[in-house]
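*Asks:* Okay, so here is data.txt, and as you'll see once you scroll down, it has compact mmCIF, C-alpha atoms.
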# COMPACT_ATOMS: atom_id res chain seq x y z
CA MET A 1 -51.18 23.06 -19.37
CA ALA A 2 -47.81 21.34 -19.31
CA VAL A 3 -47.72 21.56 -15.52
CA LEU A 4 -51.22 20.15 -15.23
CA SER A 5 -50.39 17.27 -17.53
CA LYS A 6 -47.33 16.41 -15.45
CA LEU A 7 -49.41 16.49 -12.27
CA GLN A 8 -51.95 14.21 -13.86
CA LEU A 9 -49.21 11.76 -14.83
CA LEU A 10 -47.86 11.81 -11.29
CA GLY A 11 -51.30 11.20 -9.89
CA GLN A 12 -51.89 8.15 -12.02
CA ALA A 13 -51.32 4.72 -10.48
CA ILE A 14 -47.94 3.21 -11.28
CA PRO A 15 -48.24 -0.20 -12.94
CA PRO A 16 -46.86 -3.14 -10.94
CA LYS A 17 -44.38 -3.96 -13.71
CA GLN A 18 -42.56 -0.69 -13.04
CA TYR A 19 -42.20 -0.82 -9.27
CA ALA A 20 -41.81 -4.61 -8.93
CA PRO A 21 -38.03 -4.65 -9.69
CA GLY A 22 -37.46 -1.86 -7.18
CA MET A 23 -39.36 -3.74 -4.48
CA VAL A 24 -37.42 -6.91 -5.21
CA GLY A 25 -34.15 -5.00 -4.99
CA MET A 26 -35.12 -3.44 -1.65
CA LEU A 27 -36.11 -6.83 -0.26
CA ALA A 28 -32.80 -8.29 -1.43
CA VAL A 29 -30.87 -5.48 0.28
CA PHE A 30 -32.76 -5.99 3.55
CA ALA A 31 -32.16 -9.75 3.33
CA LEU A 32 -28.43 -9.23 2.81
CA ILE A 33 -28.27 -6.84 5.78
CA LYS A 34 -30.07 -9.35 7.98
CA LEU A 35 -27.77 -12.18 6.90
CA TYR A 36 -24.73 -9.97 7.52
CA LYS A 37 -25.91 -9.10 11.03
CA GLN A 38 -26.59 -12.76 11.76
CA ASP A 39 -23.12 -13.72 10.51
CA ILE A 40 -21.56 -11.02 12.70
CA ARG A 41 -23.42 -12.30 15.75
CA GLU A 42 -22.33 -15.88 15.08
CA THR A 43 -18.73 -14.77 14.58
CA LYS A 44 -18.72 -12.81 17.83
CA HIS A 45 -20.23 -15.77 19.65
CA LEU A 46 -17.56 -18.06 18.21
CA VAL A 47 -14.78 -15.65 19.19
CA ALA A 48 -16.15 -15.36 22.72
CA LYS A 49 -16.38 -19.13 22.99
CA THR A 50 -12.83 -19.52 21.75
CA LYS A 51 -11.54 -17.03 24.31
CA LYS A 52 -13.51 -18.78 27.01
CA ASP A 53 -11.98 -22.12 26.09
CA GLY A 54 -8.53 -20.64 26.63
CA SER A 55 -7.31 -20.49 23.07
CA LYS A 56 -4.07 -18.55 22.66
CA GLY A 57 -4.46 -17.67 19.00
CA GLN A 58 -4.22 -13.93 18.43
CA LYS A 59 -4.69 -11.90 15.30
CA ALA A 60 -2.29 -9.17 14.32
CA HIS A 61 -3.81 -5.71 14.09
CA VAL A 62 -2.35 -2.48 12.79
CA ASP A 63 -3.08 -0.37 15.85
CA GLY A 64 -1.24 1.87 18.28
CA VAL A 65 0.58 -1.04 19.91
CA PHE A 66 1.85 -2.27 16.55
CA LEU A 67 3.00 1.19 15.51
CA SER A 68 4.77 1.79 18.82
CA LYS A 69 6.64 -1.52 18.50
CA LEU A 70 7.54 -0.72 14.91
CA ALA A 71 8.85 2.70 15.97
CA ARG A 72 11.08 1.07 18.61
CA ILE A 73 12.50 -1.31 16.00
CA LEU A 74 13.05 1.53 13.53
CA LYS A 75 15.11 3.36 16.14
CA ILE A 76 17.41 0.33 16.19
CA LEU A 77 17.53 0.03 12.40
CA ILE A 78 18.11 3.77 11.82
CA PRO A 79 20.20 4.99 14.76
CA SER A 80 20.76 8.55 13.50
CA LEU A 81 19.82 10.92 10.73
CA PHE A 82 23.31 10.85 9.23
CA SER A 83 23.75 7.08 9.19
CA LYS A 84 24.30 4.90 6.15
CA GLU A 85 20.76 3.61 6.38
CA THR A 86 19.41 7.13 5.88
CA PHE A 87 21.61 7.49 2.80
CA TYR A 88 20.21 4.30 1.27
CA LEU A 89 16.66 5.37 2.11
CA ALA A 90 17.28 8.63 0.26
CA LEU A 91 18.89 6.73 -2.62
CA ILE A 92 15.81 4.53 -2.99
CA ALA A 93 13.50 7.56 -2.89
CA ILE A 94 15.54 9.44 -5.51
CA SER A 95 15.72 6.34 -7.72
CA LEU A 96 11.96 5.91 -7.53
CA LEU A 97 11.47 9.57 -8.43
CA CYS A 98 13.85 9.29 -11.39
CA ARG A 99 12.14 6.12 -12.58
CA THR A 100 8.75 7.81 -12.44
CA TYR A 101 9.99 10.71 -14.55
CA ALA A 102 11.70 8.23 -16.87
CA ASP A 103 8.44 6.34 -17.35
CA VAL A 104 6.62 9.57 -18.17
CA TYR A 105 9.35 10.61 -20.60
CA MET A 106 9.33 7.24 -22.36
CA ILE A 107 5.54 7.35 -22.71
CA ILE A 108 5.73 10.82 -24.25
CA THR A 109 8.53 9.75 -26.59
CA SER A 110 6.63 6.62 -27.65
CA THR A 111 3.59 8.76 -28.39
CA LYS A 112 5.68 11.08 -30.56
CA ILE A 113 7.11 8.10 -32.43
CA GLU A 114 3.61 6.80 -33.13
CA ALA A 115 2.53 10.26 -34.26
CA SER A 116 5.49 10.47 -36.65
CA ILE A 117 4.54 7.09 -38.12
CA ILE A 118 0.95 8.23 -38.62
CA ASP A 119 2.10 11.53 -40.18
CA ARG A 120 4.68 9.70 -42.32
CA ASN A 121 7.44 12.00 -41.14
CA PRO A 122 10.73 10.06 -41.39
CA LEU A 123 12.84 12.88 -39.96
CA LEU A 124 10.72 13.17 -36.80
CA PHE A 125 10.60 9.39 -36.49
CA ALA A 126 14.40 9.10 -36.67
CA LEU A 127 14.87 11.93 -34.16
CA GLU A 128 12.42 10.53 -31.58
CA ALA A 129 13.71 6.98 -32.03
CA PHE A 130 17.25 8.23 -31.47
CA LYS A 131 16.12 9.98 -28.27
CA TYR A 132 14.37 6.80 -27.15
CA VAL A 133 17.47 4.65 -27.65
CA LEU A 134 19.73 7.32 -26.18
CA ASN A 135 17.82 7.33 -22.88
CA LEU A 136 17.74 3.56 -22.42
CA PRO A 137 21.16 3.40 -20.66
CA ALA A 138 20.10 6.08 -18.18
CA ILE A 139 16.93 4.15 -17.37
CA SER A 140 18.95 0.96 -16.92
CA VAL A 141 21.30 2.77 -14.53
CA THR A 142 18.30 4.07 -12.57
CA ASN A 143 16.85 0.57 -12.20
CA ALA A 144 20.25 -0.79 -11.19
CA LEU A 145 20.65 1.93 -8.55
CA LEU A 146 17.20 1.13 -7.19
CA LYS A 147 17.98 -2.58 -6.90
CA PHE A 148 21.36 -1.80 -5.34
CA GLY A 149 19.82 0.54 -2.77
CA ILE A 150 17.15 -1.99 -1.79
CA ALA A 151 19.68 -4.82 -1.45
CA GLU A 152 22.11 -2.72 0.59
CA LEU A 153 19.36 -1.39 2.84
CA LYS A 154 18.20 -4.94 3.57
CA LEU A 155 21.75 -5.90 4.44
CA ARG A 156 22.25 -2.87 6.70
CA PHE A 157 18.96 -3.45 8.51
CA ARG A 158 19.80 -7.11 9.00
CA GLU A 159 23.21 -6.25 10.39
CA ARG A 160 21.84 -3.63 12.80
CA LEU A 161 19.01 -5.77 14.10
CA SER A 162 21.07 -8.96 14.37
CA THR A 163 23.84 -7.15 16.27
CA HIS A 164 21.35 -5.67 18.72
CA LEU A 165 19.48 -8.93 19.29
CA TYR A 166 22.63 -11.01 19.71
CA SER A 167 24.04 -8.49 22.17
CA GLN A 168 20.89 -8.88 24.27
CA TYR A 169 20.73 -12.65 23.77
CA LEU A 170 24.34 -13.28 24.81
CA LYS A 171 24.30 -10.89 27.76
CA GLY A 172 24.76 -12.79 31.00
CA PHE A 173 22.72 -16.00 31.11
CA THR A 174 19.89 -14.81 28.89
CA PHE A 175 20.41 -17.57 26.32
CA TYR A 176 20.34 -20.21 29.07
CA LYS A 177 17.19 -18.81 30.65
CA MET A 178 15.40 -18.62 27.29
CA SER A 179 16.37 -22.18 26.37
CA ASN A 180 15.72 -23.92 29.68
CA LEU A 181 13.72 -21.77 32.10
CA ASP A 182 11.44 -19.59 29.96
CA THR A 183 9.27 -21.40 27.42
CA ARG A 184 7.46 -18.34 26.03
CA ILE A 185 9.92 -18.01 23.13
CA GLN A 186 10.43 -21.19 21.15
CA ASN A 187 13.36 -21.70 18.75
CA ALA A 188 15.22 -18.52 19.64
CA ASP A 189 18.09 -19.36 17.28
CA GLN A 190 15.71 -19.56 14.34
CA LEU A 191 14.11 -16.26 15.31
CA LEU A 192 17.53 -14.61 15.39
CA THR A 193 18.46 -15.85 11.92
CA GLN A 194 15.64 -16.62 9.51
CA ASP A 195 12.91 -14.45 11.03
CA VAL A 196 15.19 -11.42 11.29
CA ASP A 197 16.12 -11.90 7.64
CA ARG A 198 12.47 -12.09 6.61
CA PHE A 199 11.53 -9.08 8.72
CA CYS A 200 14.25 -6.89 7.21
CA ASP A 201 13.32 -7.96 3.69
CA GLY A 202 9.66 -7.27 4.38
CA ILE A 203 10.15 -3.83 5.89
CA VAL A 204 12.38 -2.68 3.02
CA GLU A 205 9.91 -4.01 0.45
CA LEU A 206 7.12 -2.25 2.32
CA TYR A 207 9.04 1.03 2.15
CA SER A 208 9.75 0.73 -1.57
CA ASN A 209 6.23 -0.45 -2.43
CA LEU A 210 4.59 2.36 -0.46
CA SER A 211 6.91 5.12 -1.65
CA LYS A 212 6.23 4.58 -5.36
CA PRO A 213 2.40 4.80 -5.26
CA ILE A 214 2.42 7.77 -2.87
CA LEU A 215 4.93 9.57 -5.08
CA ASP A 216 2.90 8.78 -8.20
CA VAL A 217 -0.28 10.10 -6.57
CA PHE A 218 1.33 13.40 -5.61
CA LEU A 219 2.89 13.82 -9.05
CA TYR A 220 -0.44 13.01 -10.68
CA LEU A 221 -2.23 15.56 -8.51
CA PHE A 222 0.45 18.16 -9.24
CA ARG A 223 0.19 17.67 -12.99
CA LEU A 224 -3.60 17.81 -12.84
CA GLY A 225 -3.44 20.88 -10.64
CA THR A 226 -1.16 22.74 -13.01
CA SER A 227 -3.38 21.83 -15.97
CA LEU A 228 -6.92 22.04 -14.57
CA GLY A 229 -6.51 23.82 -11.24
CA PHE A 230 -6.07 22.34 -7.79
CA SER A 231 -9.75 22.31 -6.79
CA SER A 232 -10.73 19.21 -8.79
CA PRO A 233 -7.69 17.10 -7.80
CA SER A 234 -8.20 18.09 -4.16
CA ILE A 235 -11.82 16.93 -4.26
CA LEU A 236 -10.80 13.70 -6.00
CA PHE A 237 -8.04 13.01 -3.49
CA SER A 238 -10.35 13.77 -0.55
CA TYR A 239 -12.99 11.42 -1.96
CA LEU A 240 -10.47 8.60 -2.42
CA LEU A 241 -9.07 9.16 1.07
CA PHE A 242 -12.53 9.20 2.66
CA THR A 243 -13.70 6.07 0.84
CA GLY A 244 -10.45 4.26 1.61
CA VAL A 245 -10.72 4.99 5.32
CA GLY A 246 -14.40 4.05 5.32
CA LEU A 247 -13.84 0.75 3.53
CA THR A 248 -10.93 -0.08 5.82
CA TYR A 249 -13.10 0.59 8.85
CA MET A 250 -15.98 -1.53 7.54
CA ARG A 251 -13.70 -4.42 6.58
CA ARG A 252 -11.84 -4.50 9.88
CA PRO A 253 -11.53 -7.94 11.51
CA VAL A 254 -14.03 -8.85 14.19
Can the structure from this file be put into structure tokens for me?
*Replies:*
Amino acid sequence: MAVLSKLQLLGQAIPPKQYAPGMVGMLAVFALIKLYKQDIRETKHLVAKTKKDGSKGQKAHVDGVFLSKLARILKILIPSLFSKETFYLALIAISLLCRTYADVYMIITSTKIEASIIDRNPLLFALEAFKYVLNLPAISVTNALLKFGIAELKLRFRERLSTHLYSQYLKGFTFYKMSNLDTRIQNADQLLTQDVDRFCDGIVELYSNLSKPILDVFLYLFRLGTSLGFSSPSILFSYLLFTGVGLTYMRRPV
């Protein structure tokens, strides 16, 4: 009887009030897709027209050409595995690792202090507060080492790249040709000073800003794996990786 009643309910006509919002939502989705396709067509037409008119504006893309150029520059910045630049790279990585563990330790200690306050345990509160204060100098030293490593690495990269570029710029009559005969590179002196400085600062900041999140993700997955098993963190990481790649592909410039 229960099955028959369910079949009868399914066979009944659905009132318009129930399916009207769904229909409106579907129409809105189709309208957005149509507008998006129209916008893409107009953008492609505008880009084609701009190229036809002879515009020289180019957009930077993170592709194989960019990565190959970056690899060539990195060979100049890091000449060997046992150079000083490698030492500072390792120092930054170790400092980031120590700071991550320090953050975790301070969070755990703060939680214990709050628990001692709730439990009204003065002995535990004094002990955990003493541990908290005792570890503050070590955390300060870790942050200072991180700042020192970043500053020194920027300086080393700037020195390596400037020396290489100036050796090429002052070889023969290159500087004369670039200033008077070849107009493809404007303001070469500015490129060799300010732009090199900005590039070295940017690449070091990129290294430090990428290392910390990647390290945190792997530590997070490791802690979850040891607590809950590695199947769930692996699925979560795969999902995040897949969605990140998909969103990056869909949001690529035209």
*Asks:* Mind running region 80-176 of chain A against region 215-219 of chain A at 9 Å and telling me each contacting residue's nearest atom pair with the distance in Å (one decimal), counting only C-alpha atoms, chain and number ascending, as CSV?
*Replies:*
residue,atom,partner,partner_atom,distance
A:Leu96,CA,A:Leu215,CA,8.3
A:Leu97,CA,A:Leu215,CA,7.3
A:Thr100,CA,A:Asp216,CA,7.3
*Asks:* Would you compute the distance between CA of Pro137 (chain A) and CA of Lys212 (chain A)? Give it in Å to one decimal.
*Replies:*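 A separation of 21.4 Å between them.
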*Asks:* My list of candidates is A:Phe199, A:Tyr176, A:Phe157, A:Phe237. Which is closest to Pro79 (chain A) when distances are computed with only C-alpha atoms?
*Replies:*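 Between A:Phe199, A:Tyr176, A:Phe157, A:Phe237, the residue approaching Pro79 (chain A) most closely is A:Phe157.
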*Asks:* Any chance you could tabulate, as a Markdown table, the residues of region 58-94 of chain A at most 10 Å from region 161-171 of chain A with each one's nearest atom pair and distance in Å to one decimal, using all atoms listed in the file, in chain and rising number order?
*Replies:*
| residue | atom | partner | partner_atom | distance |
| --- | --- | --- | --- | --- |
| A:Ile73 | CA | A:Leu161 | CA | 8.1 |
| A:Leu74 | CA | A:Leu161 | CA | 9.4 |
| A:Ile76 | CA | A:Leu161 | CA | 6.6 |
| A:Leu77 | CA | A:Leu161 | CA | 6.2 |
| A:Ile78 | CA | A:Leu161 | CA | 9.8 |
*Asks:* Please measure the separation of CA of Tyr132 (chain A) and CA of Ala90 (chain A), giving the value in Å to one decimal.
*Replies:*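 Spanning CA of Tyr132 (chain A) to CA of Ala90 (chain A) is a straight-line distance of 27.6 Å.
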*Asks:* Just to confirm, what's the straight-line distance from CA of Val65 (chain A) to CA of Gln190 (chain A) in Å (one decimal)?
*Replies:*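 The value is 24.6 Å.
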*Asks:* Counting only C-alpha atoms, which residue out of A:Phe87, A:Gly244, A:Leu206, A:Ala102 sits closest to Val141 (chain A)?
*Replies:*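 Smallest separation from Val141 (chain A) among the options: A:Ala102.
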*Asks:* Considering only C-alpha atoms, state which residue in the set A:Ala126, A:Val204, A:Leu241, A:Ile92 is at the smallest distance from Arg158 (chain A).
*Replies:*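 Smallest separation from Arg158 (chain A) among the options: A:Val204.
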*Asks:* Pop region 140-189 of chain A out of the structure in the block and write N, CA and C atoms as a tab-separated table (two decimals), in the first residue's frame.
*Replies:*
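Ended up saving to result-v9.tsv:
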chain	number	residue	atom	x	y	z
A	140	SER	N	61.11	34.66	18.41
A	140	SER	CA	61.67	35.91	17.89
A	140	SER	C	62.94	35.66	17.08
A	141	VAL	N	63.77	34.74	17.56
A	141	VAL	CA	64.99	34.39	16.81
A	141	VAL	C	64.63	33.75	15.47
A	142	THR	N	63.60	32.92	15.45
A	142	THR	CA	63.17	32.29	14.19
A	142	THR	C	62.69	33.33	13.19
A	143	ASN	N	61.89	34.29	13.65
A	143	ASN	CA	61.42	35.35	12.75
A	143	ASN	C	62.58	36.22	12.26
A	144	ALA	N	63.53	36.48	13.15
A	144	ALA	CA	64.70	37.28	12.75
A	144	ALA	C	65.54	36.54	11.72
A	145	LEU	N	65.72	35.23	11.90
A	145	LEU	CA	66.46	34.44	10.92
A	145	LEU	C	65.75	34.42	9.56
A	146	LEU	N	64.43	34.35	9.60
A	146	LEU	CA	63.68	34.35	8.34
A	146	LEU	C	63.85	35.68	7.61
A	147	LYS	N	63.74	36.79	8.33
A	147	LYS	CA	63.93	38.09	7.69
A	147	LYS	C	65.35	38.27	7.19
A	148	PHE	N	66.32	37.78	7.97
A	148	PHE	CA	67.72	37.87	7.55
A	148	PHE	C	67.97	37.06	6.29
A	149	GLY	N	67.43	35.84	6.24
A	149	GLY	CA	67.62	35.00	5.06
A	149	GLY	C	67.00	35.61	3.82
A	150	ILE	N	65.79	36.19	3.95
A	150	ILE	CA	65.13	36.81	2.80
A	150	ILE	C	65.92	38.02	2.31
A	151	ALA	N	66.38	38.86	3.24
A	151	ALA	CA	67.13	40.05	2.85
A	151	ALA	C	68.46	39.68	2.19
A	152	GLU	N	69.16	38.70	2.75
A	152	GLU	CA	70.44	38.30	2.17
A	152	GLU	C	70.27	37.63	0.81
A	153	LEU	N	69.20	36.85	0.67
A	153	LEU	CA	68.97	36.20	-0.62
A	153	LEU	C	68.64	37.23	-1.70
A	154	LYS	N	67.88	38.25	-1.35
A	154	LYS	CA	67.61	39.33	-2.31
A	154	LYS	C	68.91	40.01	-2.73
A	155	LEU	N	69.77	40.26	-1.76
A	155	LEU	CA	71.04	40.92	-2.07
A	155	LEU	C	71.93	40.04	-2.94
A	156	ARG	N	71.99	38.75	-2.65
A	156	ARG	CA	72.81	37.83	-3.45
A	156	ARG	C	72.27	37.72	-4.87
A	157	PHE	N	70.96	37.59	-5.01
A	157	PHE	CA	70.37	37.52	-6.35
A	157	PHE	C	70.64	38.79	-7.14
A	158	ARG	N	70.50	39.93	-6.48
A	158	ARG	CA	70.74	41.20	-7.15
A	158	ARG	C	72.19	41.32	-7.60
A	159	GLU	N	73.09	40.87	-6.76
A	159	GLU	CA	74.51	40.93	-7.12
A	159	GLU	C	74.83	40.01	-8.29
A	160	ARG	N	74.31	38.80	-8.26
A	160	ARG	CA	74.57	37.84	-9.35
A	160	ARG	C	74.01	38.35	-10.68
A	161	LEU	N	72.75	38.78	-10.65
A	161	LEU	CA	72.11	39.20	-11.89
A	161	LEU	C	72.71	40.49	-12.43
A	162	SER	N	73.01	41.43	-11.55
A	162	SER	CA	73.60	42.70	-12.00
A	162	SER	C	74.99	42.47	-12.59
A	163	THR	N	75.78	41.61	-11.96
A	163	THR	CA	77.12	41.32	-12.49
A	163	THR	C	77.04	40.69	-13.87
A	164	HIS	N	76.12	39.75	-14.04
A	164	HIS	CA	75.98	39.09	-15.35
A	164	HIS	C	75.51	40.08	-16.41
A	165	LEU	N	74.50	40.89	-16.08
A	165	LEU	CA	73.96	41.81	-17.08
A	165	LEU	C	74.97	42.90	-17.44
A	166	TYR	N	75.68	43.42	-16.45
A	166	TYR	CA	76.67	44.45	-16.75
A	166	TYR	C	77.84	43.89	-17.55
A	167	SER	N	78.20	42.64	-17.30
A	167	SER	CA	79.27	42.04	-18.10
A	167	SER	C	78.87	41.90	-19.56
A	168	GLN	N	77.59	41.61	-19.80
A	168	GLN	CA	77.10	41.54	-21.18
A	168	GLN	C	76.89	42.93	-21.78
A	169	TYR	N	76.48	43.87	-20.95
A	169	TYR	CA	76.18	45.22	-21.43
A	169	TYR	C	77.44	45.99	-21.80
A	170	LEU	N	78.52	45.76	-21.04
A	170	LEU	CA	79.77	46.48	-21.27
A	170	LEU	C	80.75	45.71	-22.15
A	171	LYS	N	80.32	44.61	-22.72
A	171	LYS	CA	81.20	43.83	-23.59
A	171	LYS	C	81.22	44.47	-24.99
A	172	GLY	N	82.39	44.85	-25.43
A	172	GLY	CA	82.52	45.44	-26.75
A	172	GLY	C	81.78	46.76	-26.85
A	173	PHE	N	80.96	46.91	-27.90
A	173	PHE	CA	80.18	48.12	-28.12
A	173	PHE	C	78.68	47.87	-27.92
A	174	THR	N	78.36	46.94	-27.03
A	174	THR	CA	76.96	46.60	-26.82
A	174	THR	C	76.18	47.80	-26.30
A	175	PHE	N	76.75	48.52	-25.34
A	175	PHE	CA	76.05	49.67	-24.76
A	175	PHE	C	75.80	50.74	-25.80
A	176	TYR	N	76.76	50.92	-26.73
A	176	TYR	CA	76.59	51.93	-27.78
A	176	TYR	C	75.51	51.51	-28.77
A	177	LYS	N	75.51	50.24	-29.13
A	177	LYS	CA	74.50	49.74	-30.07
A	177	LYS	C	73.10	49.82	-29.48
A	178	MET	N	72.97	49.49	-28.19
A	178	MET	CA	71.65	49.54	-27.55
A	178	MET	C	71.15	50.97	-27.40
A	179	SER	N	72.05	51.90	-27.22
A	179	SER	CA	71.64	53.30	-26.99
A	179	SER	C	71.37	54.05	-28.28
A	180	ASN	N	72.07	53.70	-29.36
A	180	ASN	CA	71.99	54.51	-30.57
A	180	ASN	C	71.47	53.76	-31.80
A	181	LEU	N	71.75	52.47	-31.89
A	181	LEU	CA	71.40	51.74	-33.10
A	181	LEU	C	70.16	50.87	-32.95
A	182	ASP	N	69.98	50.28	-31.77
A	182	ASP	CA	68.86	49.37	-31.54
A	182	ASP	C	67.88	50.04	-30.59
A	183	THR	N	66.66	50.25	-31.06
A	183	THR	CA	65.65	50.94	-30.25
A	183	THR	C	64.65	49.98	-29.61
A	184	ARG	N	64.91	48.69	-29.64
A	184	ARG	CA	63.96	47.74	-29.05
A	184	ARG	C	63.96	47.81	-27.53
A	185	ILE	N	65.09	48.15	-26.94
A	185	ILE	CA	65.19	48.23	-25.48
A	185	ILE	C	65.38	49.70	-25.11
A	186	GLN	N	64.38	50.25	-24.44
A	186	GLN	CA	64.43	51.64	-24.02
A	186	GLN	C	64.88	51.72	-22.56
A	187	ASN	N	65.68	52.75	-22.26
A	187	ASN	CA	66.15	53.01	-20.89
A	187	ASN	C	66.86	51.78	-20.31
A	188	ALA	N	67.94	51.40	-20.97
A	188	ALA	CA	68.68	50.21	-20.53
A	188	ALA	C	69.28	50.41	-19.14
A	189	ASP	N	69.71	51.63	-18.84
A	189	ASP	CA	70.30	51.88	-17.52
A	189	ASP	C	69.29	51.67	-16.40
